[in-house]
Structures are given as C-alpha cells and as structure tokens.
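Q: Structure file protein.txt (compact mmCIF, C-alpha atoms) is given on the next line.
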# COMPACT_ATOMS: atom_id res chain seq x y z
CA GLY L 1 6.50 -8.76 4.79
CA LEU L 2 7.29 -5.23 3.65
CA LEU L 3 10.12 -4.73 6.12
CA GLY L 4 11.75 -8.02 5.15
CA SER L 5 11.56 -7.12 1.48
CA LEU L 6 13.11 -3.70 2.10
CA LEU L 7 15.91 -5.19 4.18
CA GLY L 8 16.54 -7.71 1.41
CA LEU L 9 16.82 -4.87 -1.11
CA ARG L 10 19.13 -3.01 1.25
CA ALA L 11 21.40 -6.04 1.50
CA SER L 12 21.58 -6.59 -2.25
CA LEU L 13 21.55 -3.00 -3.55
CA GLY L 14 23.04 -0.98 -0.74
CA PRO L 15 21.40 2.21 0.61
CA LEU L 16 17.92 2.59 -0.87
CA GLY L 17 18.08 6.36 -1.23
CA ILE L 18 14.38 7.24 -1.46
CA LEU L 19 11.28 5.40 -0.29
CA TYR L 20 8.18 6.95 -1.88
CA THR L 21 4.75 6.19 -0.46
CA ARG L 22 1.17 7.45 -0.41
CA GLU L 23 0.48 5.83 2.97
CA PRO L 24 1.08 7.97 6.08
CA GLY L 25 1.05 4.82 8.21
CA ILE L 26 4.04 3.42 6.35
CA VAL L 27 6.00 6.57 7.12
CA GLY L 28 5.49 6.03 10.84
CA MET L 29 6.40 2.35 10.57
CA LEU L 30 9.62 2.91 8.62
CA ALA L 31 10.82 6.17 10.15
CA PRO L 32 12.73 4.47 13.01
CA LEU L 33 14.54 2.31 10.41
CA ARG L 34 15.70 5.10 8.10
CA GLY L 35 19.32 4.68 9.07
CA LEU L 36 19.23 0.90 8.72
CA LEU L 37 17.59 1.12 5.30
CA GLY L 38 19.76 4.00 4.12
CA ALA L 39 16.65 5.78 2.85
CA ARG L 40 14.83 9.07 3.06
CA ILE L 41 11.04 8.76 3.09
CA VAL L 42 8.93 10.91 0.78
CA LEU L 43 5.16 11.00 1.33
CA GLU L 44 2.70 11.83 -1.45
CA ILE L 45 -0.56 13.55 -0.49
CA ARG L 46 -3.23 14.20 -3.13
CA GLU L 47 -6.15 15.24 -0.95
CA LEU L 48 -7.28 15.96 2.59
CA THR L 49 -10.82 15.15 3.70
CA GLY L 50 -12.98 14.91 6.80
CA ASP L 51 -11.15 14.67 10.12
CA GLU L 52 -7.80 15.08 8.37
CA LEU L 53 -8.65 18.78 8.18
CA LYS L 54 -9.68 19.09 11.84
CA PRO L 55 -7.03 19.74 14.52
CA GLY L 56 -7.57 17.61 17.61
CA THR L 57 -8.79 14.54 15.74
CA ARG L 58 -6.91 11.24 15.50
CA SER L 59 -6.65 11.56 11.72
CA PHE L 60 -5.11 15.02 12.01
CA ALA L 61 -2.64 13.79 14.65
CA ARG L 62 -1.69 10.77 12.49
CA LEU L 63 -0.90 13.04 9.55
CA THR L 64 1.02 15.45 11.76
CA ARG L 65 3.30 12.60 12.90
CA ALA L 66 3.77 11.34 9.36
CA PHE L 67 4.61 14.82 8.04
CA ALA L 68 7.18 15.30 10.80
CA ALA L 69 8.84 11.94 10.07
CA ALA L 70 8.93 12.31 6.27
CA ALA L 71 12.01 13.84 4.66
CA GLY L 72 9.79 15.46 2.05
CA ILE L 73 6.17 15.68 0.90
CA SER L 74 4.80 15.90 -2.64
CA VAL L 75 1.38 17.30 -3.53
CA GLY L 76 -0.46 17.80 -6.80
CA THR L 77 -1.50 21.45 -6.47
CA GLU L 78 -0.26 24.70 -4.95
CA HIS L 79 -3.67 25.13 -3.29
CA LEU L 80 -3.17 21.91 -1.31
CA ARG L 81 0.42 22.88 -0.50
CA GLN L 82 -0.63 26.22 0.97
CA ASP L 83 -3.44 24.66 3.02
CA MET L 84 -1.03 22.06 4.46
CA ILE L 85 1.46 24.76 5.40
CA ARG L 86 -1.31 26.70 7.11
CA LEU L 87 -3.02 23.79 8.85
CA PHE L 88 0.00 21.75 9.92
CA GLY L 89 2.63 24.47 10.33
CA LEU L 90 4.95 22.80 7.81
CA PRO L 91 8.01 24.60 6.45
CA GLU L 92 7.50 25.70 2.86
CA GLY L 93 10.64 23.95 1.67
CA LYS L 94 9.40 20.55 2.81
CA ILE L 95 6.51 20.36 0.31
CA ALA L 96 6.98 20.18 -3.46
CA VAL L 97 4.22 20.51 -6.05
CA ILE L 98 4.43 17.68 -8.60
CA PRO L 99 1.36 17.81 -10.90
CA ASN L 100 -0.16 14.75 -12.50
CA GLY L 101 0.40 13.91 -16.15
CA CYS L 102 -0.64 11.32 -18.71
CA ASP L 103 0.60 9.29 -21.65
CA ALA L 104 0.52 11.49 -24.76
CA GLY L 105 1.14 8.63 -27.17
CA VAL L 106 -2.46 8.02 -28.30
CA PRO L 107 -3.04 7.62 -32.04
CA ASP L 108 -5.34 10.10 -33.76
CA ALA L 109 -8.87 8.89 -34.43
CA PRO L 110 -10.82 11.56 -36.31
CA GLY L 111 -14.56 11.11 -36.73
CA ASP L 112 -17.95 12.74 -36.48
CA ALA L 113 -20.86 12.22 -34.12
CA PRO L 114 -23.85 10.32 -35.59
CA GLY L 115 -26.02 12.63 -37.65
CA GLY L 116 -23.47 15.41 -37.46
CA ALA L 117 -24.54 16.40 -33.92
CA LEU L 118 -22.12 18.35 -31.79
CA ARG L 119 -20.89 15.86 -29.21
CA ILE L 120 -20.17 16.83 -25.59
CA LEU L 121 -18.15 14.19 -23.72
CA TYR L 122 -17.38 13.34 -20.11
CA THR L 123 -15.19 10.35 -19.22
CA GLY L 124 -14.47 8.89 -15.78
CA GLN L 125 -16.13 8.14 -12.48
CA MET L 126 -19.57 9.59 -11.80
CA TYR L 127 -19.64 10.02 -8.03
CA ASP L 128 -21.76 12.88 -6.69
CA TRP L 129 -18.74 15.14 -6.21
CA LYS L 130 -17.63 14.57 -9.80
CA GLY L 131 -20.53 16.80 -10.87
CA SER L 132 -22.26 14.35 -13.19
CA ASP L 133 -25.70 15.43 -11.94
CA LEU L 134 -24.74 19.06 -12.54
CA LEU L 135 -23.64 18.19 -16.08
CA LEU L 136 -26.99 16.58 -16.89
CA SER L 137 -28.90 19.52 -15.43
CA ALA L 138 -26.80 21.98 -17.43
CA PHE L 139 -27.25 19.99 -20.63
CA ALA L 140 -31.03 20.00 -20.09
CA ARG L 141 -30.98 23.82 -20.18
CA LEU L 142 -29.47 23.93 -23.67
CA ASP L 143 -31.65 24.45 -26.73
CA ARG L 144 -33.55 21.20 -27.24
CA GLU L 145 -33.76 21.86 -30.98
CA ALA L 146 -29.99 22.19 -31.35
CA PRO L 147 -28.14 19.14 -32.74
CA LEU L 148 -26.37 18.20 -29.48
CA ARG L 149 -25.53 14.89 -27.84
CA LEU L 150 -24.04 14.28 -24.42
CA VAL L 151 -21.86 11.17 -24.07
CA MET L 152 -20.95 9.99 -20.56
CA ALA L 153 -18.32 7.25 -20.52
CA GLY L 154 -17.64 5.52 -17.21
CA GLY L 155 -19.50 5.21 -13.93
CA LEU L 156 -20.30 2.39 -11.53
CA PRO L 157 -23.65 0.60 -11.96
CA GLU L 158 -25.26 2.43 -9.03
CA ASP L 159 -24.13 5.80 -10.38
CA LEU L 160 -25.37 5.01 -13.88
CA ALA L 161 -28.76 4.00 -12.51
CA ARG L 162 -29.06 7.33 -10.68
CA LEU L 163 -27.97 9.34 -13.70
CA ARG L 164 -30.21 7.49 -16.17
CA ALA L 165 -33.16 8.22 -13.88
CA LEU L 166 -32.16 11.89 -13.70
CA ALA L 167 -31.80 12.11 -17.50
CA ALA L 168 -35.30 10.66 -17.88
CA ALA L 169 -36.72 13.09 -15.31
CA LEU L 170 -35.10 16.00 -17.16
CA GLY L 171 -36.53 14.83 -20.47
CA ILE L 172 -33.13 14.37 -22.13
CA ALA L 173 -32.73 10.57 -22.06
CA ASP L 174 -32.98 10.43 -25.87
CA ARG L 175 -30.02 12.82 -26.21
CA VAL L 176 -27.66 11.26 -23.66
CA ASP L 177 -25.52 8.16 -24.23
CA PHE L 178 -24.11 6.20 -21.27
CA THR L 179 -21.34 3.88 -22.48
CA GLY L 180 -20.07 2.51 -19.18
CA PHE L 181 -16.34 2.19 -18.68
CA LEU L 182 -14.21 1.85 -21.80
CA PRO L 183 -10.66 0.48 -22.25
CA PRO L 184 -8.16 3.35 -21.85
CA LEU L 185 -7.20 3.47 -25.53
CA GLU L 186 -10.83 3.49 -26.62
CA ALA L 187 -11.65 6.25 -24.14
CA ALA L 188 -8.70 8.30 -25.41
CA ARG L 189 -9.84 7.89 -29.00
CA LEU L 190 -13.38 8.89 -28.02
CA GLN L 191 -11.98 12.07 -26.47
CA ARG L 192 -10.36 12.94 -29.80
CA THR L 193 -13.65 12.61 -31.66
CA ALA L 194 -15.62 14.84 -29.26
CA ASP L 195 -16.37 18.48 -29.97
CA ILE L 196 -16.31 19.58 -26.31
CA LEU L 197 -14.79 17.82 -23.29
CA VAL L 198 -16.21 18.50 -19.83
CA ILE L 199 -14.90 18.38 -16.25
CA PRO L 200 -17.81 19.30 -13.94
CA THR L 201 -16.10 18.48 -10.60
CA LEU L 202 -17.74 20.22 -7.63
CA ASP L 203 -15.90 22.39 -5.10
CA THR L 204 -16.33 19.98 -2.19
CA GLU L 205 -13.92 18.40 0.28
CA ALA L 206 -13.50 15.46 -2.07
CA GLY L 207 -13.19 17.51 -5.25
CA ARG L 208 -11.26 20.59 -4.12
CA TYR L 209 -7.71 19.24 -3.93
CA PRO L 210 -7.10 16.42 -6.44
CA LEU L 211 -5.70 17.48 -9.80
CA THR L 212 -7.46 15.01 -12.06
CA VAL L 213 -5.46 13.19 -14.71
CA LYS L 214 -8.51 13.68 -16.92
CA ILE L 215 -7.67 17.31 -17.61
CA PHE L 216 -4.29 16.29 -19.04
CA GLU L 217 -5.87 13.53 -21.11
CA TYR L 218 -8.29 16.11 -22.48
CA MET L 219 -5.42 18.46 -23.29
CA VAL L 220 -3.68 15.68 -25.22
CA ALA L 221 -6.90 15.17 -27.20
CA GLY L 222 -6.63 18.77 -28.38
CA ARG L 223 -10.34 19.51 -27.98
CA PRO L 224 -12.02 22.49 -26.23
CA ILE L 225 -12.45 21.91 -22.48
CA VAL L 226 -15.22 23.27 -20.25
CA ALA L 227 -14.38 22.88 -16.54
CA THR L 228 -15.77 24.10 -13.25
CA ARG L 229 -13.89 26.86 -11.45
CA ILE L 230 -12.35 24.92 -8.58
CA PRO L 231 -8.85 25.53 -7.15
CA ALA L 232 -7.19 22.51 -8.79
CA ASN L 233 -8.58 23.27 -12.26
CA GLU L 234 -7.58 26.92 -12.00
CA GLU L 235 -3.91 25.97 -11.63
CA ILE L 236 -3.75 24.54 -15.16
Can you turn what I pasted into structure tokens?

A:
Amino acid sequence: GLLGSLLGLRASLGPLGILYTREPGIVGMLAPLRGLLGARIVLEIRELTGDELKPGTRSFARLTRAFAAAAGISVGTEHLRQDMIRLFGLPEGKIAVIPNGCDAGVPDAPGDAPGGALRILYTGQMYDWKGSDLLLSAFARLDREAPLRLVMAGGLPEDLARLRALAAALGIADRVDFTGFLPPLEAARLQRTADILVIPTLDTEAGRYPLTVKIFEYMVAGRPIVATRIPANEEI
C-alpha cells in the first residue's frame, strides 16, 4: 500500500523531505507518521465547493483538520488564498500561491480559416459552468452577415448533444463547428490558427476558484483572448 511504499522509500533514500498531495484525507493519514517518514506534508487546494465552504459540515471539518496537520498549503489564486484565510482562520504564511502553467514548446502552425472567415475558438470541457451555452448565445448575437465561425473543440458526448441542440435552436448550427476532443498537440496548433480565443467560464462555485491551464495555453498561442470577468481570470 501507500504507507509501505513510503516506508520503503524512507529506508532507501533517507528522510523524504516533502510529501505533496492534493488529497486532504492523505494528510490526515500520514500526519501521525511525519517523524517516521522524515517528511513535511504540503497540501494543494485548487477549489472549494459545496459543503467545503460551510462551517459545521463534515466536509468543512475534514478540511480544517487537514489544513491544521499540513506543514504548508498551495493554491492557484490569491482569491482562493484570501477566502481560505477568512473561512478557516489560517495564518497567512501557511498558504502560498503557485499559479498553473503549461508547456510553451509547441511548434508554430500558421493558417487561415476556410473561406477567410474570422475564427473564434474555444477548447476544453463544456460543462455548464464552463460557459459553453453562454458562448453560443453570445455568438448568436453577432452580425449574421459577418464572415465569422465559432469552433468548439472538446466536450463529452452528452455536453456536445446539448450544445448542438442549442446551436440549432439559435439558428447558428451552420456557423459552429464541434470537433470533439483533439490530441494536445493538435489542439495547441488549432489555437495558433484562431483569430480569437475564448474563456467563457461562469462565476459559480465550480468556476470561481480554479485558474485554468487553458488561459496559459492561449497566451502561448499569442492570439487575442476574450475571457469572462471572474476572480481567477482577473489575476492574470
């Protein structure tokens, strides 16, 4: 098991120094063994949702115990850091902001959209809180005579079915391309051929805290970015 593996590493390598995890439960399990393992435990938190935000709930209590046991905590945004300090009474020095990043080594792939249309691109998951419905509704309000195409790359089958139906209802199905998920290199190259890249994430519990890797991928592509005004996006 995990403990046996860690003890084996301790025996062969000596003190482990840092154990880094995203699982609060692992912090509680390993905290009593910190001395034996020769390790400090660092917990990464990228979001808080539901009962995790509500004092008095089991989820809130579980996080409180994990935060107390961890030697340090890393988060992706200052907004999340400040909310954790306020909600859980954590000392400011215990939480460090470590933003996401991405691989910048993607080869250039210049190109034009079919027919010379200006191409607006979104890549990634298409859950409700990702704002994909909002993006389609906004695109439908643009001049229908303008040479514009919306490309949406990604999405699970159930999300694509919902969005295709919405595009048809909005009368824009002939101007929207759904590609499904693409291999990472192909998606990165597609980003570099787009005219505008979009991040329509909604300001909800699910969307408020995470600093999406997508925004850094878009920055690497060197194309204009249109993003919703949510706390995480505003920190970039």

Q: Find, counting all atoms listed in the file, the residue in L:Gly50, L:Pro184, L:Gly72, L:Pro224 that gets nearest to Glu205 in chain L.

A: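 Using all atoms listed in the file, Glu205 in chain L sits closest to L:Gly50.
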
Q: Using all atoms listed in the file, determine which residues lie at most 6 Å from range 125-141 of chain L, disregarding the query and same-chain residues fewer than 6 positions distant; provide the list as a ChimeraX atom specification.

A: /L:154-155,200-202

Q: Could you give me, as a PyMOL selection string, the residues within 10 Å of Leu182 in chain L, counting only C-alpha atoms and dropping anything in the same chain fewer than 6 positions from it?

A: chain L and resi 123-124+153-154+188+190

Q: For Pro157 in chain L, please output as a short mmCIF file (atom, residue, chain, number, x, y, z; two decimals) with C-alpha atoms, in the coordinates of the input all residues within 10 Å (counting all atoms listed in the file; exclusion window: fewer than 5 positions along the same chain).

A:
data_model
loop_
_atom_site.label_atom_id
_atom_site.label_comp_id
_atom_site.auth_asym_id
_atom_site.auth_seq_id
_atom_site.Cartn_x
_atom_site.Cartn_y
_atom_site.Cartn_z
CA MET L 126 -19.57 9.59 -11.80
CA ARG L 162 -29.06 7.33 -10.68
CA LEU L 163 -27.97 9.34 -13.70
CA GLY L 180 -20.07 2.51 -19.18
#

Q: Taking all atoms listed in the file into account, which of L:Asp83, L:Glu217, L:Glu23, L:Asp177 comes nearest Gln191 in chain L?

A: L:Glu217

Q: May I ask for the distance between CA of Asp195 in chain L and CA of Ala165 in chain L, given in Å to one decimal place?

A: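 Atom-to-atom, CA of Asp195 in chain L to CA of Ala165 in chain L, that is 25.4 Å.
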
Q: Separation of CA of Val213 in chain L and CA of Gly28 in chain L, in Å?

A: 28.7 Å

Q: How far is it from CA of Leu197 in chain L to CA of Phe216 in chain L, in Å with one decimal?

A: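 These atoms are spaced 11.4 Å apart.
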
Q: Would you mind listing, for every residue of range 131-234 of chain L within 9 Å of range 36-46 of chain L, the two atoms forming the shortest contact and the distance between them in Å to one decimal, using all atoms listed in the file, sorted by chain and ascending residue number, as JSON lines?

A:
{"residue": "L:Tyr209", "atom": "CA", "partner": "L:Arg46", "partner_atom": "CA", "distance": 6.8}
{"residue": "L:Pro210", "atom": "CA", "partner": "L:Arg46", "partner_atom": "CA", "distance": 5.6}
{"residue": "L:Leu211", "atom": "CA", "partner": "L:Arg46", "partner_atom": "CA", "distance": 7.8}

Q: With C-alpha atoms kept, could you save the residues just selected as a CSV table (one decimal), keeping the file's coordinate frame?

A:
chain,number,residue,atom,x,y,z
L,209,TYR,CA,-7.7,19.2,-3.9
L,210,PRO,CA,-7.1,16.4,-6.4
L,211,LEU,CA,-5.7,17.5,-9.8

Q: Of the residues L:Arg189, L:Arg164, L:Arg175, L:Arg65, which is the one nearest to Ala117 in chain L, using all atoms listed in the file?

A: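 Among the listed residues, L:Arg175 lies closest to Ala117 in chain L.
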
Q: Could you tell me which of L:Asp174, L:Lys54, L:His79, L:Gly17 comes closest to Pro231 in chain L if we count all atoms listed in the file?

A: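 The closest residue to Pro231 in chain L is L:His79.
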
Q: Which centre and which edge lengths, in Å to one decimal, describe the axis-aligned box that holds all listed atoms of range 86-103 of chain L after 8 Å is added on each side, as lines of an AutoDock Vina configuration file?

A:
center_x = 3.8
center_y = 18.0
center_z = -5.7
size_x = 29.7
size_y = 33.4
size_z = 48.0

Q: Do you know which residues are at most 10 Å from range 80-82 of chain L counting all atoms listed in the file, after dropping those on the same chain fewer than 5 positions away, and could you put them as a compact mmCIF listing (two decimals) with C-alpha atoms, in the frame of the given file?

A:
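For reference, around13.txt as written:
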# COMPACT_ATOMS: atom_id res chain seq x y z
CA ILE L 45 -0.56 13.55 -0.49
CA ARG L 46 -3.23 14.20 -3.13
CA GLU L 47 -6.15 15.24 -0.95
CA LEU L 48 -7.28 15.96 2.59
CA ILE L 73 6.17 15.68 0.90
CA SER L 74 4.80 15.90 -2.64
CA VAL L 75 1.38 17.30 -3.53
CA LEU L 87 -3.02 23.79 8.85
CA LEU L 90 4.95 22.80 7.81
CA GLU L 92 7.50 25.70 2.86
CA LYS L 94 9.40 20.55 2.81
CA ILE L 95 6.51 20.36 0.31
CA ALA L 96 6.98 20.18 -3.46
CA VAL L 97 4.22 20.51 -6.05
CA ARG L 208 -11.26 20.59 -4.12
CA TYR L 209 -7.71 19.24 -3.93
CA PRO L 210 -7.10 16.42 -6.44
CA LEU L 211 -5.70 17.48 -9.80
CA PRO L 231 -8.85 25.53 -7.15
CA ALA L 232 -7.19 22.51 -8.79

Q: Taking 3 positions as the minimum chain separation for residues in the same chain, which residues sit within 7 Å of Ile230 in chain L when counting all atoms listed in the file? Answer as a compact mmCIF listing (two decimals) with C-alpha atoms, in the frame of the given file.

A:
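The file below, result35.txt, is the result:
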# COMPACT_ATOMS: atom_id res chain seq x y z
CA ASP L 203 -15.90 22.39 -5.10
CA ARG L 208 -11.26 20.59 -4.12
CA ASN L 233 -8.58 23.27 -12.26
CA GLU L 234 -7.58 26.92 -12.00

Q: Please list, as a list in words, the residues that have an atom at most 12 Å away from (-4.2, 15.5, 11.2) in the coordinates of this file, counting only C-alpha atoms.

A: Pro24, Leu48, Thr49, Gly50, Asp51, Glu52, Leu53, Lys54, Pro55, Gly56, Thr57, Arg58, Ser59, Phe60, Ala61, Arg62, Leu63, Thr64, Arg65, Ala66, Phe67, Ala68, Met84, Leu87, Phe88 and Gly89 of chain L

Q: Which residue out of L:Arg192, L:Ala70, L:Gly1, L:Ile199 has the minimum interatomic distance to Gly25 in chain L when only C-alpha atoms are used?

A: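 Comparing L:Arg192, L:Ala70, L:Gly1, L:Ile199 against Gly25 in chain L, the winner is L:Ala70.
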
Q: Counting only C-alpha atoms, which residue out of L:Ala146, L:Val27, L:Ala169, L:Leu121 sits closest to Ala69 in chain L?

A: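 When distances to Ala69 in chain L are compared using only C-alpha atoms, the smallest one comes from L:Val27.
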